[in-house]
Amino acid sequence: MILKIFPSNKKLKFIHGLLLITVSLIFLPFIIEESFGRSWLRIFDYTLIYVLLALGLNIVVGFAGLLDLGYIAFFAVGAYSWAILASPQFDIHLSFLIILPISFLTAGFFGVLLGAPTLRLRGDYLAIVTLGFGEIIRIFLNNLDHPVNVTNGPVGINMIDPVMIGAFSFNNKIEIFGIQLTNLHFYYYLLVICVILVIIICQRLENSSIGRAWVAIREDEVAAEAMGINTRNVKLLAFAMGASFGGVSGAIFSSFQGFVSPESFILIESIMVLCMVVLGGMGHIYGVVLGAFILVILPEIIRSAAAPVQESIFGFVLIDPESLRMILFGLALILVMLYRPKGLWNK
């Protein structure tokens with residue numbers, strides 16, 4: 001009876017580890033802000049948005065093996081869903097708890113819309129069609145300012161409402177025990193909760209019969225179909241689930257930034273998210289998270305350090321920091337593909 005009352009060593013280690021991670025996540029934004037400045041806390045918030053995007057794309061590319069080059073379109077759908085339903089554009093100001101499910105479902109619907117006509121396509125042909133879909137959405141948003149002005153065209157939508165929980169706005173500032181909390185802290189905690197929920201959902205999906213069906217399709221679609229797997233429905237579900245997570249991240253991005261325009265959803269953003277999945281390790285949830293952190297934070301470190309390092313060595317800036325950032329970024333990707341073709345943290 002005594003042994004049953006007290007938890008085992010494994011349970012104690014799990015509880016201690018969970019408490020340590022929880023405390024670390026709570027105090028992490030304050031450590032970042034004090035050590036590196038508020039701008040780096042903003043970068044960290046954007047990194048978490050990209051983590052959500054990468055986790056969503058990992059379902060499509062990593063689990064199901066469907067090459068999607070237009071994934072940023074679902075990000076745009078979620079962002080504009082929030083912008084239209086919570087801004088002066090139509091003078092609609094719905095609650096955060098209403099808009100987020102709408103963004104989730106709308107992006108999922110567009111995922112099915114993309115998946116339905118591409119069920120028989122594979123490899124390069126699927127990549128080309130998804131790339132075209134991403135560009136169609138961007139051009140559509142860019143031109144949907146007449147005859148009825150829905151998206152405000154290339155000008156974009158501004159004055160977007162922040163997240164509101166009851167009467168409390170994320171744009172408010174509060175002070176607790178002498179510590180000031182701003183919108184950067186509130187969005188950080190919201191994004192951490194969303195990332196944790198999405199990771200749990202992805203793990204449950206991966207270990208379910210649906211996840212095994214996705215892996216079977218990725219390895220050999222013909223064999224999977226011969227074994228009785230309904231490849232049509234399973235592929236559509238992969239597109240819908242991946243797109244839905246992209247829609248959620250887009251909605252939070254829209255409220256966090258307070259402004260959206262079609263220029264935020266160009267092709268290079270889709271390529272960047274795909275690189276996060278490939279770099280971290282396709283199909284590995286935590287590898288994808290690692291890939292997102294590396295590809296968002298590392299280039300920013302290079303950009304901020306490039307000019308001072310060059311001035312200390314040469315006495316002047318030899319290469320523009322932005323150009324140097326992209327050169328080193330490309331070189332790093334080439335080296336990873338040569339020496340770690342399955343990703344930095346594969347399964």
# chains A, B, ... in the order shown; residues from 1 in each chain; ligands from 1

$ residues_around --residues "Ile201 (chain A)" --least-positions-apart "4" --cutoff "12 Å" --atoms "only C-alpha atoms" --output "ChimeraX atom specification"
/A:52,55-56,59,194-197,205-208,211,241-242,245,285

$ write_last_selection --atoms "N, CA and C atoms" --output "PDB file, in the first residue's frame"
ATOM      1  N   LEU A  52       4.501  27.031 -35.449  1.00  0.00           N
ATOM      2  CA  LEU A  52       3.149  26.555 -35.758  1.00  0.00           C
ATOM      3  C   LEU A  52       3.001  26.228 -37.236  1.00  0.00           C
ATOM      4  N   LEU A  55       4.951  22.989 -38.053  1.00  0.00           N
ATOM      5  CA  LEU A  55       4.256  21.803 -37.553  1.00  0.00           C
ATOM      6  C   LEU A  55       3.081  21.433 -38.450  1.00  0.00           C
ATOM      7  N   GLY A  56       2.373  22.444 -38.947  1.00  0.00           N
ATOM      8  CA  GLY A  56       1.268  22.182 -39.867  1.00  0.00           C
ATOM      9  C   GLY A  56       1.752  21.594 -41.180  1.00  0.00           C
ATOM     10  N   ILE A  59       2.718  17.840 -41.223  1.00  0.00           N
ATOM     11  CA  ILE A  59       1.658  16.846 -41.415  1.00  0.00           C
ATOM     12  C   ILE A  59       1.541  16.486 -42.890  1.00  0.00           C
ATOM     13  N   CYS A 194      -0.454  27.494 -27.758  1.00  0.00           N
ATOM     14  CA  CYS A 194      -0.851  26.963 -29.070  1.00  0.00           C
ATOM     15  C   CYS A 194       0.155  25.930 -29.576  1.00  0.00           C
ATOM     16  N   VAL A 195       1.449  26.218 -29.431  1.00  0.00           N
ATOM     17  CA  VAL A 195       2.491  25.288 -29.883  1.00  0.00           C
ATOM     18  C   VAL A 195       2.401  23.973 -29.121  1.00  0.00           C
ATOM     19  N   ILE A 196       2.219  24.045 -27.810  1.00  0.00           N
ATOM     20  CA  ILE A 196       2.118  22.829 -26.997  1.00  0.00           C
ATOM     21  C   ILE A 196       0.901  22.002 -27.414  1.00  0.00           C
ATOM     22  N   LEU A 197      -0.240  22.679 -27.625  1.00  0.00           N
ATOM     23  CA  LEU A 197      -1.456  21.971 -28.062  1.00  0.00           C
ATOM     24  C   LEU A 197      -1.265  21.314 -29.420  1.00  0.00           C
ATOM     25  N   LEU A 205      -1.946  12.225 -33.475  1.00  0.00           N
ATOM     26  CA  LEU A 205      -2.221  11.839 -34.861  1.00  0.00           C
ATOM     27  C   LEU A 205      -1.167  10.860 -35.380  1.00  0.00           C
ATOM     28  N   GLU A 206       0.091  11.136 -35.053  1.00  0.00           N
ATOM     29  CA  GLU A 206       1.182  10.289 -35.544  1.00  0.00           C
ATOM     30  C   GLU A 206       1.059   8.853 -35.041  1.00  0.00           C
ATOM     31  N   ASN A 207       0.602   8.697 -33.798  1.00  0.00           N
ATOM     32  CA  ASN A 207       0.505   7.365 -33.198  1.00  0.00           C
ATOM     33  C   ASN A 207      -0.847   6.702 -33.423  1.00  0.00           C
ATOM     34  N   SER A 208      -1.717   7.367 -34.171  1.00  0.00           N
ATOM     35  CA  SER A 208      -3.048   6.819 -34.436  1.00  0.00           C
ATOM     36  C   SER A 208      -3.051   6.038 -35.746  1.00  0.00           C
ATOM     37  N   GLY A 211      -2.316   8.395 -38.592  1.00  0.00           N
ATOM     38  CA  GLY A 211      -0.891   8.673 -38.762  1.00  0.00           C
ATOM     39  C   GLY A 211      -0.173   7.531 -39.478  1.00  0.00           C
ATOM     40  N   MET A 241      -5.861  19.151 -42.153  1.00  0.00           N
ATOM     41  CA  MET A 241      -5.248  19.356 -40.835  1.00  0.00           C
ATOM     42  C   MET A 241      -4.060  20.306 -40.926  1.00  0.00           C
ATOM     43  N   GLY A 242      -3.203  20.090 -41.914  1.00  0.00           N
ATOM     44  CA  GLY A 242      -2.051  20.972 -42.089  1.00  0.00           C
ATOM     45  C   GLY A 242      -2.475  22.408 -42.353  1.00  0.00           C
ATOM     46  N   PHE A 245      -3.854  24.312 -39.120  1.00  0.00           N
ATOM     47  CA  PHE A 245      -2.823  24.853 -38.232  1.00  0.00           C
ATOM     48  C   PHE A 245      -2.184  26.099 -38.848  1.00  0.00           C
ATOM     49  N   ILE A 285       8.521  15.589 -35.147  1.00  0.00           N
ATOM     50  CA  ILE A 285       7.879  16.790 -34.612  1.00  0.00           C
ATOM     51  C   ILE A 285       8.894  17.737 -33.978  1.00  0.00           C
TER      52      ILE A 285
END

$ residues_around --residues "Ile266 (chain A)" --least-positions-apart "6" --cutoff "8 Å" --atoms "only C-alpha atoms" --output "list in words"
Ile72, Glu135 and Arg138 of chain A

$ atom_distance --atom1 "CA of Asn233 (chain A)" --atom2 "CA of Tyr80 (chain A)"
27.6 Å

$ select_by_dssp --residues "region 170-292 of chain A" --states "strand (DSSP E or B)" --output "PDB file with N, CA and C atoms, in the first residue's frame"
ATOM      1  N   ILE A 174       0.259  45.795 -18.068  1.00  0.00           N
ATOM      2  CA  ILE A 174      -0.017  45.615 -16.644  1.00  0.00           C
ATOM      3  C   ILE A 174       1.302  45.408 -15.902  1.00  0.00           C
ATOM      4  N   GLU A 175       1.282  45.707 -14.615  1.00  0.00           N
ATOM      5  CA  GLU A 175       2.491  45.562 -13.809  1.00  0.00           C
ATOM      6  C   GLU A 175       2.213  44.631 -12.636  1.00  0.00           C
ATOM      7  N   ILE A 176       3.065  43.599 -12.513  1.00  0.00           N
ATOM      8  CA  ILE A 176       2.927  42.622 -11.435  1.00  0.00           C
ATOM      9  C   ILE A 176       4.253  42.540 -10.686  1.00  0.00           C
ATOM     10  N   ILE A 179       7.124  44.150 -12.263  1.00  0.00           N
ATOM     11  CA  ILE A 179       7.497  43.665 -13.604  1.00  0.00           C
ATOM     12  C   ILE A 179       6.395  44.069 -14.576  1.00  0.00           C
ATOM     13  N   GLN A 180       6.761  44.780 -15.628  1.00  0.00           N
ATOM     14  CA  GLN A 180       5.773  45.236 -16.616  1.00  0.00           C
ATOM     15  C   GLN A 180       5.567  44.185 -17.695  1.00  0.00           C
ATOM     16  N   LEU A 181       4.308  43.826 -17.911  1.00  0.00           N
ATOM     17  CA  LEU A 181       3.936  42.875 -18.962  1.00  0.00           C
ATOM     18  C   LEU A 181       3.336  43.647 -20.124  1.00  0.00           C
ATOM     19  N   PHE A 259      -1.513  44.485 -38.855  1.00  0.00           N
ATOM     20  CA  PHE A 259      -1.581  44.875 -40.273  1.00  0.00           C
ATOM     21  C   PHE A 259      -1.260  43.660 -41.126  1.00  0.00           C
ATOM     22  N   VAL A 260      -1.992  43.493 -42.219  1.00  0.00           N
ATOM     23  CA  VAL A 260      -1.677  42.432 -43.193  1.00  0.00           C
ATOM     24  C   VAL A 260      -1.801  42.992 -44.605  1.00  0.00           C
TER      25      VAL A 260
END

$ residues_around --residues "Asp45 (chain A)" --least-positions-apart "5" --cutoff "8 Å" --atoms "only C-alpha atoms" --output "JSON, numbers by chain"
{"A": [184, 187, 188, 191]}

$ write_last_selection --atoms "C-alpha atoms" --output "PDB file, in the first residue's frame"
ATOM      1  CA  LEU A 184       4.972  40.808 -26.461  1.00  0.00           C
ATOM      2  CA  TYR A 187       1.401  36.876 -27.268  1.00  0.00           C
ATOM      3  CA  TYR A 188       4.391  34.803 -26.158  1.00  0.00           C
ATOM      4  CA  LEU A 191       1.773  31.154 -28.767  1.00  0.00           C
TER       5      LEU A 191
END

$ atom_distance --atom1 "CA of Val277 (chain A)" --atom2 "CA of Ala292 (chain A)"
7.5 Å

$ atom_distance --atom1 "CA of Gly78 (chain A)" --atom2 "CA of Leu105 (chain A)"
9.2 Å
